[in-house]
Amino acid sequence: MAQAFSWQNKLQEECHVFKTNLDAQAHILRYDPDSRGRERLMDVSREVVKLSGQADGIIDIALCMVTDAPDSELIRRNTTFWCREDDGRYKFENVFLAMEHELDREEGFI
């Protein structure tokens, strides 16, 4: 159970960091707090690339948790999120891959 707790903590921490970073970039784009206009877009673009990498890291951690700690409380609490879908991937993989795809797509527009 200690291993499950460890993977769970790592996953929760990485998701928290991801959400915090994503919220920060959204805030910058919405409100332009420093009145930097177009200059801010390059900064946000670099951060979006990092967010895409963070999504990959979250998938890796979650896959390890499924393998090493299938009895984790996170998995038991929300089993549908951890089930395989028709494409053979876990639902959480598809959720993060979709976010990563959108981030990559948005990065091209910035």
# chains A, B, ... in the order shown; residues from 1 in each chain; ligands from 1

call {"tool": "residues_around", "arguments": {"residues": "region 60-62 of chain A", "least_positions_apart": "2", "cutoff": "12 Å", "atoms": "only C-alpha atoms", "output": "NGL selection string"}}
result
:A and (4 or 6-15 or 53-58 or 64-70 or 72 or 74-75 or 81-82 or 90-93 or 96-97)

call {"tool": "select_by_dssp", "arguments": {"residues": "chain A", "states": "alpha helix (DSSP H)", "output": "PyMOL selection string"}}
result
chain A and resi 2-31+39-68+73-77+91-109

call {"tool": "atom_distance", "arguments": {"atom1": "CA of Leu103 (chain A)", "atom2": "CA of Ala26 (chain A)"}}
result
11.7 Å

call {"tool": "atom_distance", "arguments": {"atom1": "CA of Gly88 (chain A)", "atom2": "CA of Lys50 (chain A)"}}
result
26.8 Å

call {"tool": "residues_around", "arguments": {"residues": "Ser52 (chain A)", "least_positions_apart": "6", "cutoff": "10 Å", "atoms": "only C-alpha atoms", "output": "PyMOL selection string"}}
result
chain A and resi 18+96-97+99-104+107

call {"tool": "write_last_selection", "arguments": {"atoms": "C-alpha atoms", "output": "short mmCIF file (atom, residue, chain, number, x, y, z; two decimals), in the first residue's frame"}}
result
data_model
loop_
_atom_site.label_atom_id
_atom_site.label_comp_id
_atom_site.auth_asym_id
_atom_site.auth_seq_id
_atom_site.Cartn_x
_atom_site.Cartn_y
_atom_site.Cartn_z
CA PHE A 18 0.07 21.19 -14.47
CA PHE A 96 -4.37 13.86 -21.41
CA LEU A 97 -3.49 13.06 -25.02
CA MET A 99 -5.25 18.05 -23.92
CA GLU A 100 -1.71 17.64 -25.23
CA HIS A 101 -3.00 17.68 -28.81
CA GLU A 102 -4.94 20.89 -28.13
CA LEU A 103 -1.89 22.47 -26.47
CA ASP A 104 0.29 21.55 -29.45
CA GLU A 107 1.04 26.56 -29.70
#

call {"tool": "residues_around", "arguments": {"residues": "Ala24 (chain A)", "least_positions_apart": "6", "cutoff": "10 Å", "atoms": "only C-alpha atoms", "output": "VMD selection string"}}
result
chain A and resid 18 30 44 47

call {"tool": "atom_distance", "arguments": {"atom1": "CA of Arg76 (chain A)", "atom2": "CA of Val17 (chain A)"}}
result
23.1 Å

call {"tool": "closest_residue", "arguments": {"among": "A:Arg77, A:Arg105, A:Arg40, A:Leu51", "to": "Lys19 (chain A)", "atoms": "only C-alpha atoms"}}
result
A:Leu51

call {"tool": "decode", "arguments": {"residues": "region 3-105 of chain A", "atoms": "C-alpha atoms", "output": "compact mmCIF listing (two decimals), in the first residue's frame"}}
result
# COMPACT_ATOMS: atom_id res chain seq x y z
CA GLN A 3 3.80 2.18 -3.12
CA ALA A 4 0.22 3.05 -4.04
CA PHE A 5 0.36 6.06 -1.75
CA SER A 6 3.66 7.15 -3.30
CA TRP A 7 2.37 6.94 -6.90
CA GLN A 8 -0.85 8.62 -5.85
CA ASN A 9 1.02 11.51 -4.23
CA LYS A 10 3.30 11.92 -7.23
CA LEU A 11 0.36 11.91 -9.65
CA GLN A 12 -1.63 14.40 -7.57
CA GLU A 13 1.39 16.71 -7.26
CA GLU A 14 2.11 16.62 -11.01
CA CYS A 15 -1.55 17.28 -11.82
CA HIS A 16 -1.58 20.20 -9.38
CA VAL A 17 1.56 21.70 -10.98
CA PHE A 18 0.07 21.19 -14.47
CA LYS A 19 -3.21 22.89 -13.51
CA THR A 20 -1.40 25.78 -11.82
CA ASN A 21 0.78 26.36 -14.89
CA LEU A 22 -2.17 26.05 -17.27
CA ASP A 23 -4.21 28.52 -15.19
CA ALA A 24 -1.29 30.98 -15.15
CA GLN A 25 -0.97 30.95 -18.94
CA ALA A 26 -4.73 31.33 -19.39
CA HIS A 27 -4.68 34.30 -17.01
CA ILE A 28 -1.85 35.94 -18.94
CA LEU A 29 -3.69 35.53 -22.23
CA ARG A 30 -7.01 36.75 -20.82
CA TYR A 31 -5.83 39.77 -18.91
CA ASP A 32 -2.35 40.71 -20.16
CA PRO A 33 -1.38 41.84 -16.65
CA ASP A 34 1.90 43.43 -17.75
CA SER A 35 0.44 45.15 -20.85
CA ARG A 36 3.08 43.48 -23.00
CA GLY A 37 0.74 42.73 -25.92
CA ARG A 38 2.26 40.55 -28.61
CA GLU A 39 5.54 40.13 -26.73
CA ARG A 40 3.75 37.98 -24.14
CA LEU A 41 2.71 35.49 -26.81
CA MET A 42 6.25 34.12 -27.21
CA ASP A 43 6.48 33.57 -23.45
CA VAL A 44 3.12 31.81 -23.41
CA SER A 45 4.12 29.75 -26.45
CA ARG A 46 7.23 28.46 -24.64
CA GLU A 47 5.14 27.60 -21.59
CA VAL A 48 2.58 25.75 -23.72
CA VAL A 49 5.37 23.52 -25.06
CA LYS A 50 6.36 22.78 -21.45
CA LEU A 51 2.73 22.00 -20.57
CA SER A 52 2.60 19.48 -23.40
CA GLY A 53 5.66 17.77 -21.92
CA GLN A 54 4.07 17.83 -18.48
CA ALA A 55 1.01 16.04 -19.89
CA ASP A 56 3.32 13.26 -21.14
CA GLY A 57 4.87 13.02 -17.69
CA ILE A 58 1.47 12.73 -16.05
CA ILE A 59 0.52 9.89 -18.42
CA ASP A 60 3.77 8.07 -17.57
CA ILE A 61 3.20 8.42 -13.83
CA ALA A 62 -0.41 7.26 -14.16
CA LEU A 63 0.61 4.22 -16.22
CA CYS A 64 3.17 3.30 -13.57
CA MET A 65 0.52 3.67 -10.89
CA VAL A 66 -1.87 1.38 -12.79
CA THR A 67 0.88 -1.21 -13.14
CA ASP A 68 2.52 -0.95 -9.72
CA ALA A 69 -0.41 0.10 -7.53
CA PRO A 70 -3.71 -1.00 -9.05
CA ASP A 71 -5.29 -0.93 -5.60
CA SER A 72 -4.64 2.81 -5.26
CA GLU A 73 -7.44 4.85 -3.71
CA LEU A 74 -7.48 7.13 -6.78
CA ILE A 75 -8.16 4.15 -9.03
CA ARG A 76 -10.79 2.66 -6.73
CA ARG A 77 -12.57 6.00 -6.30
CA ASN A 78 -13.03 6.66 -10.02
CA THR A 79 -12.79 3.34 -11.82
CA THR A 80 -14.26 4.53 -15.14
CA PHE A 81 -11.41 7.02 -15.56
CA TRP A 82 -8.95 4.14 -15.23
CA CYS A 83 -10.68 1.67 -17.59
CA ARG A 84 -9.52 0.86 -21.07
CA GLU A 85 -11.49 2.32 -23.94
CA ASP A 86 -12.20 0.88 -27.39
CA ASP A 87 -8.83 2.09 -28.72
CA GLY A 88 -6.98 0.06 -26.07
CA ARG A 89 -5.83 3.09 -24.10
CA TYR A 90 -6.93 3.97 -20.61
CA LYS A 91 -9.48 6.78 -20.45
CA PHE A 92 -7.01 9.00 -18.53
CA GLU A 93 -4.52 8.56 -21.38
CA ASN A 94 -7.06 9.75 -23.92
CA VAL A 95 -7.99 12.73 -21.75
CA PHE A 96 -4.37 13.86 -21.41
CA LEU A 97 -3.49 13.06 -25.02
CA ALA A 98 -6.44 15.19 -26.14
CA MET A 99 -5.25 18.05 -23.92
CA GLU A 100 -1.71 17.64 -25.23
CA HIS A 101 -3.00 17.68 -28.81
CA GLU A 102 -4.94 20.89 -28.13
CA LEU A 103 -1.89 22.47 -26.47
CA ASP A 104 0.29 21.55 -29.45
CA ARG A 105 -2.35 22.90 -31.82
